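Structure data (mmCIF, C-alpha atoms) from protein.cif:
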data_coords
#
loop_
_atom_site.label_atom_id
_atom_site.label_comp_id
_atom_site.auth_asym_id
_atom_site.auth_seq_id
_atom_site.Cartn_x
_atom_site.Cartn_y
_atom_site.Cartn_z
CA MET A 28 8.86 1.14 2.21
CA SER A 29 12.48 1.02 3.01
CA ARG A 30 15.92 -0.20 2.86
CA PRO A 31 19.06 1.31 4.34
CA ALA A 32 19.91 4.76 3.08
CA SER A 33 20.42 4.17 -0.62
CA SER A 34 17.13 2.45 -1.24
CA ALA A 35 13.43 2.37 -1.81
CA ILE A 36 11.52 5.13 -0.23
CA ALA A 37 14.79 6.35 1.15
CA GLY A 38 14.41 8.11 -2.19
CA LEU A 39 11.36 9.78 -0.72
CA ARG A 40 13.64 12.09 1.23
CA ILE A 41 14.70 13.69 -2.03
CA ALA A 42 12.36 16.32 -3.40
CA LEU A 43 12.10 15.39 -7.05
CA VAL A 44 9.93 16.91 -9.74
CA GLY A 45 10.25 15.13 -13.05
CA ALA A 46 9.28 16.36 -16.48
CA GLY A 47 8.39 12.89 -17.78
CA MET A 48 7.00 12.03 -21.18
CA LEU A 49 4.27 10.00 -22.80
CA ALA A 50 5.42 6.44 -22.21
CA THR A 51 4.52 3.08 -23.64
CA LEU A 52 5.65 -0.12 -22.07
CA VAL A 53 8.50 -2.20 -23.35
CA PRO A 54 8.09 -5.80 -24.53
CA ALA A 55 7.22 -8.23 -21.80
CA SER A 56 9.27 -11.15 -20.57
CA ALA A 57 8.36 -13.78 -18.01
CA SER A 58 10.77 -13.68 -15.07
CA ALA A 59 11.22 -16.37 -12.43
CA SER A 60 10.28 -15.84 -8.81
CA ILE A 61 12.78 -17.07 -6.24
CA ALA A 62 11.93 -20.70 -6.69
CA PRO A 63 13.99 -23.67 -7.85
CA ARG A 64 12.01 -23.55 -11.09
CA SER A 65 9.84 -21.07 -12.95
CA VAL A 66 6.38 -22.26 -13.89
CA ALA A 67 3.01 -20.67 -14.47
CA ASP A 68 0.06 -21.20 -12.16
CA GLY A 69 -0.41 -24.79 -13.21
CA THR A 70 -3.00 -24.12 -15.91
CA VAL A 71 -2.07 -22.38 -19.14
CA ALA A 72 0.71 -20.05 -20.24
CA PRO A 73 -0.04 -16.40 -19.44
CA ALA A 74 -1.96 -14.68 -22.24
CA LEU A 75 -1.02 -11.20 -21.07
CA SER A 76 1.81 -9.30 -22.75
CA SER A 77 2.96 -5.71 -23.00
CA ALA A 78 1.41 -5.59 -26.46
CA ASP A 79 -1.90 -5.17 -24.61
CA ILE A 80 -0.75 -2.30 -22.37
CA SER A 81 0.24 1.35 -22.52
CA LEU A 82 1.03 4.10 -20.01
CA THR A 83 -0.28 7.60 -20.61
CA ARG A 84 1.01 10.47 -18.52
CA LEU A 85 -1.86 12.53 -17.10
CA GLU A 86 -0.05 14.91 -14.74
CA THR A 87 3.45 16.18 -14.07
CA GLY A 88 4.98 18.64 -11.60
CA LEU A 89 3.37 17.05 -8.53
CA SER A 90 5.26 17.40 -5.23
CA ASP A 91 6.47 13.94 -4.18
CA PRO A 92 3.22 12.10 -4.99
CA VAL A 93 2.83 8.82 -3.13
CA PHE A 94 -0.76 7.68 -3.73
CA THR A 95 -3.94 8.20 -5.73
CA THR A 96 -7.42 6.84 -5.16
CA SER A 97 -11.12 7.36 -5.79
CA ALA A 98 -13.83 8.14 -3.24
CA ARG A 99 -16.25 5.89 -5.20
CA ASP A 100 -18.93 8.52 -4.72
CA GLY A 101 -20.14 8.73 -8.32
CA THR A 102 -18.23 11.92 -9.15
CA GLY A 103 -15.38 10.28 -11.07
CA ARG A 104 -12.81 12.32 -9.13
CA MET A 105 -9.34 11.03 -8.31
CA PHE A 106 -7.45 12.25 -5.26
CA VAL A 107 -3.66 12.57 -5.32
CA VAL A 108 -1.66 12.38 -2.08
CA GLU A 109 1.56 14.37 -1.87
CA LYS A 110 4.07 13.27 0.74
CA THR A 111 4.65 16.92 1.62
CA GLY A 112 1.19 17.12 3.22
CA ARG A 113 -1.44 17.91 0.59
CA ILE A 114 -4.26 16.00 -1.09
CA LEU A 115 -5.19 17.30 -4.54
CA VAL A 116 -8.37 16.71 -6.56
CA ARG A 117 -8.32 15.63 -10.20
CA LYS A 118 -11.79 16.45 -11.54
CA ASP A 119 -13.04 16.06 -15.12
CA GLY A 120 -9.46 15.50 -16.23
CA VAL A 121 -8.16 18.67 -14.56
CA LEU A 122 -6.06 19.00 -11.40
CA LEU A 123 -7.72 21.63 -9.22
CA ALA A 124 -5.48 24.42 -7.96
CA THR A 125 -6.89 24.47 -4.42
CA PRO A 126 -6.04 21.39 -2.32
CA PHE A 127 -8.72 19.14 -0.91
CA LEU A 128 -6.66 18.95 2.30
CA ASP A 129 -3.49 20.80 3.35
CA ILE A 130 -1.82 19.66 6.59
CA ARG A 131 1.75 20.60 5.71
CA GLY A 132 2.22 22.29 9.09
CA SER A 133 1.42 19.06 10.93
CA VAL A 134 3.59 16.65 8.95
CA THR A 135 7.22 15.60 9.19
CA THR A 136 8.52 14.75 5.71
CA GLY A 137 12.11 13.55 6.21
CA ASN A 138 13.33 10.09 5.26
CA GLU A 139 10.24 7.88 4.73
CA GLN A 140 7.96 10.18 6.67
CA GLY A 141 5.14 12.41 5.47
CA LEU A 142 1.50 12.21 4.44
CA LEU A 143 1.47 8.59 3.28
CA GLY A 144 -2.05 7.18 3.06
CA LEU A 145 -5.69 8.01 2.32
CA ALA A 146 -8.88 5.96 2.61
CA PHE A 147 -12.47 7.04 1.99
CA HIS A 148 -15.20 5.62 4.19
CA PRO A 149 -17.39 3.05 2.39
CA SER A 150 -20.34 5.40 3.06
CA TYR A 151 -18.42 8.52 2.01
CA ALA A 152 -21.15 9.58 -0.43
CA THR A 153 -23.46 10.20 2.54
CA ASN A 154 -21.22 10.75 5.59
CA ARG A 155 -18.33 12.58 3.81
CA LYS A 156 -15.73 10.92 6.10
CA PHE A 157 -12.21 10.01 5.06
CA TYR A 158 -9.00 9.00 6.83
CA VAL A 159 -5.33 9.84 6.42
CA ASP A 160 -2.11 8.25 7.66
CA TYR A 161 0.82 10.59 8.31
CA THR A 162 3.86 11.10 10.53
CA ASN A 163 3.42 14.09 12.82
CA VAL A 164 6.03 16.69 13.85
CA ASN A 165 7.39 14.21 16.42
CA GLY A 166 7.79 11.50 13.76
CA ASN A 167 4.98 9.30 15.07
CA THR A 168 2.18 7.73 13.01
CA VAL A 169 -1.23 9.39 13.20
CA ILE A 170 -4.50 8.08 11.77
CA ARG A 171 -6.91 11.02 11.53
CA GLU A 172 -10.49 11.42 10.34
CA TYR A 173 -11.82 14.39 8.36
CA ARG A 174 -15.07 15.30 6.61
CA ALA A 175 -15.57 16.93 3.24
CA SER A 176 -17.50 20.18 3.14
CA THR A 177 -21.24 20.08 2.47
CA THR A 178 -21.07 23.31 0.45
CA ASN A 179 -17.90 22.53 -1.52
CA PRO A 180 -17.21 18.79 -1.91
CA ASP A 181 -13.74 19.57 -3.31
CA ARG A 182 -12.65 20.99 0.06
CA VAL A 183 -12.41 19.64 3.59
CA GLU A 184 -14.76 20.99 6.24
CA ALA A 185 -12.82 23.34 8.52
CA HIS A 186 -12.02 21.97 12.01
CA SER A 187 -13.47 18.57 11.18
CA GLY A 188 -10.30 16.65 12.07
CA ARG A 189 -10.44 13.93 14.72
CA THR A 190 -7.47 11.77 15.75
CA ILE A 191 -8.34 8.07 15.69
CA LEU A 192 -5.02 6.42 16.58
CA LYS A 193 -1.40 7.32 17.30
CA VAL A 194 1.54 4.92 17.16
CA THR A 195 4.99 5.86 18.47
CA GLN A 196 7.77 5.31 15.93
CA PRO A 197 11.29 4.53 17.24
CA TYR A 198 13.00 5.36 13.91
CA ALA A 199 12.25 7.51 10.87
CA ASN A 200 11.90 4.62 8.42
CA HIS A 201 9.48 1.69 8.03
CA ASN A 202 6.40 3.74 8.84
CA GLY A 203 4.06 1.74 6.61
CA GLY A 204 1.49 4.32 5.57
CA MET A 205 -1.21 2.46 3.64
CA ILE A 206 -4.77 2.40 4.98
CA ALA A 207 -7.81 0.86 3.29
CA PHE A 208 -11.30 -0.35 4.10
CA GLY A 209 -11.71 -4.08 3.68
CA PRO A 210 -14.37 -6.76 4.16
CA GLY A 211 -16.91 -5.93 6.84
CA GLY A 212 -16.25 -2.21 6.48
CA TYR A 213 -13.28 -2.28 8.85
CA LEU A 214 -10.25 -0.04 8.44
CA TYR A 215 -6.96 -1.88 7.85
CA ILE A 216 -3.71 -0.12 8.75
CA GLY A 217 -0.30 -1.30 7.52
CA MET A 218 2.44 -0.72 10.11
CA GLY A 219 6.15 -1.18 9.45
CA ASP A 220 8.43 -2.77 12.04
CA GLY A 221 9.59 0.54 13.48
CA GLY A 222 12.67 1.00 11.37
CA SER A 223 16.45 0.75 11.51
CA ALA A 224 17.50 -2.55 9.90
CA ASN A 225 16.81 -6.19 10.69
CA ASP A 226 14.04 -5.25 13.15
CA PRO A 227 16.37 -4.81 16.16
CA GLY A 228 13.49 -5.02 18.64
CA ASN A 229 11.96 -8.09 16.95
CA ARG A 230 8.78 -6.04 16.95
CA ALA A 231 7.19 -7.69 13.92
CA GLN A 232 6.89 -11.00 15.77
CA SER A 233 5.83 -9.52 19.11
CA VAL A 234 2.10 -9.28 19.82
CA SER A 235 2.71 -6.59 22.47
CA THR A 236 3.40 -3.83 19.91
CA LEU A 237 1.46 -2.52 16.91
CA LEU A 238 4.64 -2.27 14.80
CA GLY A 239 5.27 -4.79 12.02
CA LYS A 240 1.57 -5.57 11.80
CA MET A 241 -1.62 -5.30 9.83
CA LEU A 242 -4.14 -3.66 12.14
CA ARG A 243 -7.94 -3.83 11.86
CA ILE A 244 -10.27 -1.40 13.64
CA ASP A 245 -13.89 -0.27 13.50
CA VAL A 246 -14.12 3.50 12.99
CA ASN A 247 -17.93 3.49 13.16
CA GLY A 248 -17.96 3.86 16.92
CA ARG A 249 -15.82 4.58 19.95
CA THR A 250 -15.36 3.54 23.57
CA SER A 251 -14.56 5.47 26.72
CA THR A 252 -10.84 5.00 26.07
CA ARG A 253 -10.55 4.74 22.28
CA ALA A 254 -11.73 6.75 19.29
CA TYR A 255 -12.59 3.45 17.59
CA ARG A 256 -13.89 -0.01 18.44
CA ILE A 257 -12.20 -3.41 18.21
CA PRO A 258 -13.92 -5.95 15.95
CA ALA A 259 -14.84 -8.93 18.13
CA SER A 260 -13.40 -11.33 15.53
CA ASN A 261 -9.87 -9.86 15.69
CA PRO A 262 -7.49 -12.73 16.52
CA TYR A 263 -6.09 -11.45 19.83
CA VAL A 264 -9.37 -10.46 21.43
CA GLY A 265 -9.64 -12.44 24.65
CA ARG A 266 -6.07 -13.74 24.51
CA THR A 267 -2.53 -12.43 24.95
CA GLY A 268 -1.77 -9.73 22.39
CA LEU A 269 -2.96 -6.26 21.39
CA ASN A 270 -6.55 -6.37 20.20
CA GLU A 271 -5.94 -4.13 17.17
CA ILE A 272 -3.61 -6.69 15.54
CA TRP A 273 -4.99 -8.59 12.55
CA GLN A 274 -1.72 -10.05 11.19
CA ARG A 275 1.95 -9.92 12.19
CA GLY A 276 5.42 -10.59 10.81
CA LEU A 277 5.59 -7.69 8.32
CA ARG A 278 8.67 -5.56 7.65
CA ASN A 279 7.16 -2.62 5.80
CA PRO A 280 3.82 -3.19 4.04
CA TRP A 281 4.15 0.07 2.11
CA ARG A 282 1.21 -0.66 -0.19
CA PHE A 283 -1.59 -3.22 0.15
CA SER A 284 -5.02 -3.58 -1.44
CA PHE A 285 -8.20 -5.61 -1.48
CA ASP A 286 -9.40 -7.42 -4.59
CA ARG A 287 -12.82 -5.90 -5.20
CA ALA A 288 -14.03 -9.21 -6.69
CA ASN A 289 -13.49 -11.42 -3.63
CA GLY A 290 -12.00 -9.42 -0.74
CA ASN A 291 -8.58 -11.07 -0.89
CA LEU A 292 -5.86 -8.94 0.70
CA TRP A 293 -2.66 -8.35 -1.31
CA ILE A 294 0.43 -7.00 0.46
CA GLY A 295 3.67 -5.81 -1.11
CA ASP A 296 6.06 -6.19 1.83
CA VAL A 297 9.44 -4.49 1.36
CA GLY A 298 12.42 -6.72 2.07
CA GLN A 299 15.70 -6.10 3.87
CA GLY A 300 18.51 -6.48 1.37
CA SER A 301 17.80 -9.47 -0.84
CA TYR A 302 14.13 -10.36 -1.39
CA GLU A 303 10.87 -8.53 -2.08
CA GLU A 304 7.62 -10.37 -1.49
CA VAL A 305 3.99 -10.49 -2.61
CA ASN A 306 1.63 -11.81 0.06
CA ARG A 307 -1.91 -12.93 -0.68
CA ALA A 308 -4.38 -13.35 2.18
CA THR A 309 -7.43 -15.28 1.04
CA ASN A 310 -10.74 -13.89 2.29
CA THR A 311 -13.03 -16.26 4.18
CA SER A 312 -15.99 -15.90 6.54
CA THR A 313 -13.58 -14.71 9.25
CA GLY A 314 -11.77 -12.21 7.01
CA PRO A 315 -8.59 -12.35 4.90
CA SER A 316 -6.18 -14.80 6.60
CA ARG A 317 -7.13 -13.97 10.18
CA GLY A 318 -4.09 -14.01 12.48
CA ALA A 319 -1.54 -14.78 9.74
CA ASN A 320 2.17 -14.52 10.57
CA TRP A 321 4.10 -13.40 7.47
CA GLY A 322 7.46 -14.42 8.92
CA TRP A 323 9.64 -11.31 9.28
CA ARG A 324 12.31 -11.09 10.84
CA VAL A 325 12.73 -14.86 10.96
CA MET A 326 12.30 -14.94 7.20
CA GLU A 327 12.87 -12.60 4.27
CA GLY A 328 10.85 -13.80 1.33
CA ARG A 329 10.96 -17.57 1.52
CA ARG A 330 14.48 -17.70 2.97
CA CYS A 331 15.77 -17.76 6.53
CA HIS A 332 16.98 -14.36 7.71
CA ILE A 333 17.51 -14.46 11.48
CA PRO A 334 18.93 -17.04 11.89
CA SER A 335 20.38 -17.29 8.39
CA SER A 336 19.74 -21.02 8.28
CA GLY A 337 17.71 -23.59 10.13
CA CYS A 338 14.88 -21.19 10.93
CA SER A 339 11.44 -22.50 11.78
CA THR A 340 8.65 -21.92 9.26
CA SER A 341 6.07 -23.38 11.64
CA GLY A 342 2.98 -21.18 11.84
CA LYS A 343 4.25 -18.80 9.19
CA LYS A 344 2.51 -17.95 5.93
CA LEU A 345 4.97 -17.78 3.03
CA PRO A 346 4.66 -15.30 0.16
CA LEU A 347 2.94 -16.17 -3.08
CA SER A 348 5.81 -14.65 -5.04
CA ALA A 349 9.17 -13.06 -4.32
CA TYR A 350 11.99 -11.59 -6.35
CA THR A 351 15.62 -10.69 -5.75
CA HIS A 352 17.67 -7.54 -6.26
CA ALA A 353 19.92 -9.33 -8.71
CA ALA A 354 18.78 -7.43 -11.80
CA ASN A 355 18.06 -3.89 -13.00
CA GLY A 356 18.79 -2.11 -9.73
CA ARG A 357 15.70 -3.44 -7.99
CA CYS A 358 15.40 -2.48 -4.34
CA ALA A 359 11.84 -2.29 -3.01
CA ILE A 360 8.45 -3.65 -4.00
CA THR A 361 5.52 -1.31 -4.53
CA GLY A 362 2.32 -3.26 -4.06
CA GLY A 363 -0.56 -2.69 -6.44
CA TYR A 364 -4.02 -4.03 -7.28
CA VAL A 365 -5.78 -6.91 -8.94
CA TYR A 366 -7.08 -5.40 -12.16
CA ARG A 367 -10.88 -5.51 -12.39
CA GLY A 368 -11.39 -2.75 -14.95
CA SER A 369 -12.60 -3.06 -18.54
CA ALA A 370 -10.19 -0.96 -20.62
CA VAL A 371 -7.56 -3.71 -20.87
CA PRO A 372 -9.38 -7.08 -21.11
CA ALA A 373 -6.16 -9.13 -21.17
CA LEU A 374 -5.09 -7.65 -17.82
CA LYS A 375 -8.26 -8.64 -15.98
CA GLY A 376 -7.59 -10.94 -13.04
CA TYR A 377 -3.89 -10.11 -12.80
CA TYR A 378 -2.25 -8.56 -9.76
CA VAL A 379 -0.19 -5.57 -10.93
CA PHE A 380 2.79 -4.31 -8.88
CA GLY A 381 6.23 -2.81 -9.41
CA ASP A 382 9.68 -1.98 -8.07
CA PHE A 383 10.38 1.51 -6.75
CA CYS A 384 14.01 1.73 -7.90
CA SER A 385 14.00 -0.07 -11.24
CA GLY A 386 10.66 1.34 -12.39
CA GLU A 387 9.63 -2.11 -13.63
CA ILE A 388 5.96 -3.09 -13.61
CA PHE A 389 5.00 -6.73 -13.12
CA ALA A 390 1.86 -8.87 -13.14
CA ILE A 391 0.96 -12.28 -11.79
CA ARG A 392 -2.31 -14.19 -12.10
CA ALA A 393 -4.47 -13.49 -9.06
CA GLY A 394 -5.44 -17.16 -8.90
CA SER A 395 -1.89 -18.47 -9.06
CA SER A 396 -0.40 -20.94 -6.65
CA TYR A 397 3.27 -20.83 -5.68
CA PRO A 398 5.51 -20.34 -7.57
CA ALA A 399 3.54 -17.77 -9.55
CA THR A 400 5.01 -16.68 -12.88
CA ARG A 401 5.92 -13.01 -12.87
CA ILE A 402 5.32 -11.22 -16.18
CA THR A 403 7.26 -8.04 -16.88
CA LEU A 404 4.94 -5.40 -18.30
CA ALA A 405 7.35 -2.47 -18.14
CA GLY A 406 11.10 -2.85 -18.15
CA ALA A 407 13.80 -0.96 -16.30
CA GLY A 408 15.32 2.29 -17.53
CA SER A 409 12.19 4.46 -17.65
CA GLY A 410 13.42 6.74 -14.85
CA ARG A 411 10.14 6.23 -13.01
CA MET A 412 10.28 5.90 -9.22
CA ILE A 413 7.06 3.96 -8.61
CA SER A 414 5.78 5.09 -5.23
CA SER A 415 2.29 3.65 -5.66
CA PHE A 416 -0.46 2.34 -7.86
CA GLY A 417 -4.04 3.59 -7.66
CA GLU A 418 -7.50 2.32 -8.55
CA SER A 419 -10.40 4.30 -9.98
CA ALA A 420 -14.04 3.74 -9.09
CA SER A 421 -14.42 1.59 -12.21
CA GLY A 422 -11.31 -0.48 -11.49
CA GLU A 423 -8.85 1.17 -13.88
CA LEU A 424 -5.27 1.43 -12.62
CA TYR A 425 -2.90 4.38 -12.23
CA VAL A 426 0.85 4.54 -11.66
CA VAL A 427 2.26 7.17 -9.29
CA ASP A 428 5.82 8.33 -9.94
CA LEU A 429 7.62 10.07 -7.06
CA ARG A 430 9.35 12.31 -9.60
CA GLY A 431 6.05 14.14 -9.98
CA ASN A 432 4.09 12.19 -12.59
CA LEU A 433 0.75 10.40 -12.68
CA TYR A 434 0.09 7.76 -15.38
CA LEU A 435 -2.94 5.76 -16.47
CA ILE A 436 -2.61 2.13 -17.53
CA GLY A 437 -4.68 1.62 -20.66
CA PRO A 438 -4.90 -0.40 -23.86
CA ARG A 439 -2.02 -0.29 -26.33
#

Translate the structure described by the file into structure tokens.
Amino acid sequence: MSRPASSAIAGLRIALVGAGMLATLVPASASASIAPRSVADGTVAPALSSADISLTRLETGLSDPVFTTSARDGTGRMFVVEKTGRILVRKDGVLLATPFLDIRGSVTTGNEQGLLGLAFHPSYATNRKFYVDYTNVNGNTVIREYRASTTNPDRVEAHSGRTILKVTQPYANHNGGMIAFGPGGYLYIGMGDGGSANDPGNRAQSVSTLLGKMLRIDVNGRTSTRAYRIPASNPYVGRTGLNEIWQRGLRNPWRFSFDRANGNLWIGDVGQGSYEEVNRATNTSTGPSRGANWGWRVMEGRRCHIPSSGCSTSGKKLPLSAYTHAANGRCAITGGYVYRGSAVPALKGYYVFGDFCSGEIFAIRAGSSYPATRITLAGAGSGRMISSFGESASGELYVVDLRGNLYLIGPR
């Protein structure tokens, strides 16, 4: 999730542990996306406001937390990913002292590197399999499978690790890191463009590299040469391009998610120096926006980038919403989730996301058309460094603060 040194998850290189406090959100205001005009989604004015929302701090003192998620196995547990190489279990409202997984000796944690992603298999309740995304001691991306213990479900089975995929990284930033199971039970992997600035290798547009892409693989089998299979419906199967590629033209899709109601894919793609973008890939019978090209490095947001003017938008899918760095020290989008929980009725059907540097939390209607009205749920100045959002088994949302805090979004 990156920007040159002063930015976004460049802040991940700093080991921060914050004390935090019980926080409630500041009054909301509707902010314009980068469009000539600011309108809602063409229906009615947004009903949601910060009067409906609160943030409650659940944990503090975590070591560079970057993600939280549920296994959806009926236990109600939440799992917290620490960039430093551990996964912790939060069970019955208590953070267990012994880690679920500890791979600190295998992980490089400088810059935007580290243990970055976690995804539980859709059949985890029976097969106990889960997957992690991390940068190894050589700085390259590794997708690895593990199994939970049969005798102690709060621990990983010893020696169960199996490497699924490795991707060489030319630089230490723009590693992506998010993995998630989507429609069809396939594993989606968000890959940044390889790093540096302005995608010097134009990797995001090239179909001969996995960098700058959304990948889609089948982990429920293997071949003689791969520890996974390629879904036959992937867009480059049988044509020029790497078969793992599902979408291209991404700079650093630090956090993405699937709407549990319809399978739509939502991507928060971190911009270069001016624009942050929200991408929505509508799910159809062939999957969410099969073969989409999100435009980077030709475009940043909805504007030409290289070249700075006169670029071609042909064949490119433009973001649903984008915002600039013009206010409140914004620097990098942190993608979130479409809220499908029950605790905050007014939030239902809104996509919730934030900015890493400003600590702001935003929402847009999931059914919006461009330009979608962005509602500010939490203003700047909180001191939060929003590294991720998380979703419980019941659809409630969490906020992960790199300074060491975990929050729950709930009713006011």

Name the residues that the PyMOL selection byres ((chain A and resi 216) around 8) pulls out of this structure, and write them as a list in words.
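In the shown coordinates, the PyMOL selection byres ((chain A and resi 216) around 8) covers Gly204, Met205, Ile206, Ala207, Leu214, Tyr215, Gly217, Met218, Met241, Leu242 and Arg243 of chain A.
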
Can you translate the PyMOL selection byres ((chain A and resi 237) around 8) into the concrete residues it hits in this file, as an MDAnalysis selection string?
chainID A and resid 194 218 234:236 238:240 242 269 271:272

Straight-line distance linking atom CA of Ser348 of chain A with atom CA of Pro398 of chain A, stated in Å to one decimal:
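Answer for the atom CA of Ser348 of chain A to atom CA of Pro398 of chain A separation: 6.2 Å.
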
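Here atom CA of Arg282 of chain A stands at a distance of 12.4 Å from atom CA of Ala146 of chain A.
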
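In this comparison, which uses only C-alpha atoms, the residue of A:Thr340, A:Trp321, A:Thr313, A:Gly212 approaching Ser260 of chain A most closely is A:Thr313.
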
Picked residues, the PyMOL selection byres ((chain A and resi 199) around 10), expected as a short mmCIF file (atom, residue, chain, number, x, y, z; two decimals) with C-alpha atoms, keeping the file's coordinate frame:
data_model
loop_
_atom_site.label_atom_id
_atom_site.label_comp_id
_atom_site.auth_asym_id
_atom_site.auth_seq_id
_atom_site.Cartn_x
_atom_site.Cartn_y
_atom_site.Cartn_z
CA THR A 135 7.22 15.60 9.19
CA THR A 136 8.52 14.75 5.71
CA GLY A 137 12.11 13.55 6.21
CA ASN A 138 13.33 10.09 5.26
CA GLU A 139 10.24 7.88 4.73
CA GLN A 140 7.96 10.18 6.67
CA THR A 162 3.86 11.10 10.53
CA ASN A 165 7.39 14.21 16.42
CA GLY A 166 7.79 11.50 13.76
CA ASN A 167 4.98 9.30 15.07
CA GLN A 196 7.77 5.31 15.93
CA PRO A 197 11.29 4.53 17.24
CA TYR A 198 13.00 5.36 13.91
CA ASN A 200 11.90 4.62 8.42
CA HIS A 201 9.48 1.69 8.03
CA ASN A 202 6.40 3.74 8.84
CA GLY A 221 9.59 0.54 13.48
CA GLY A 222 12.67 1.00 11.37
CA SER A 223 16.45 0.75 11.51
#

With only C-alpha atoms as the atoms that count, which of A:Tyr397, A:Phe127, A:Phe285, A:Tyr366 lies nearest to Ile436 of chain A?
A:Tyr366
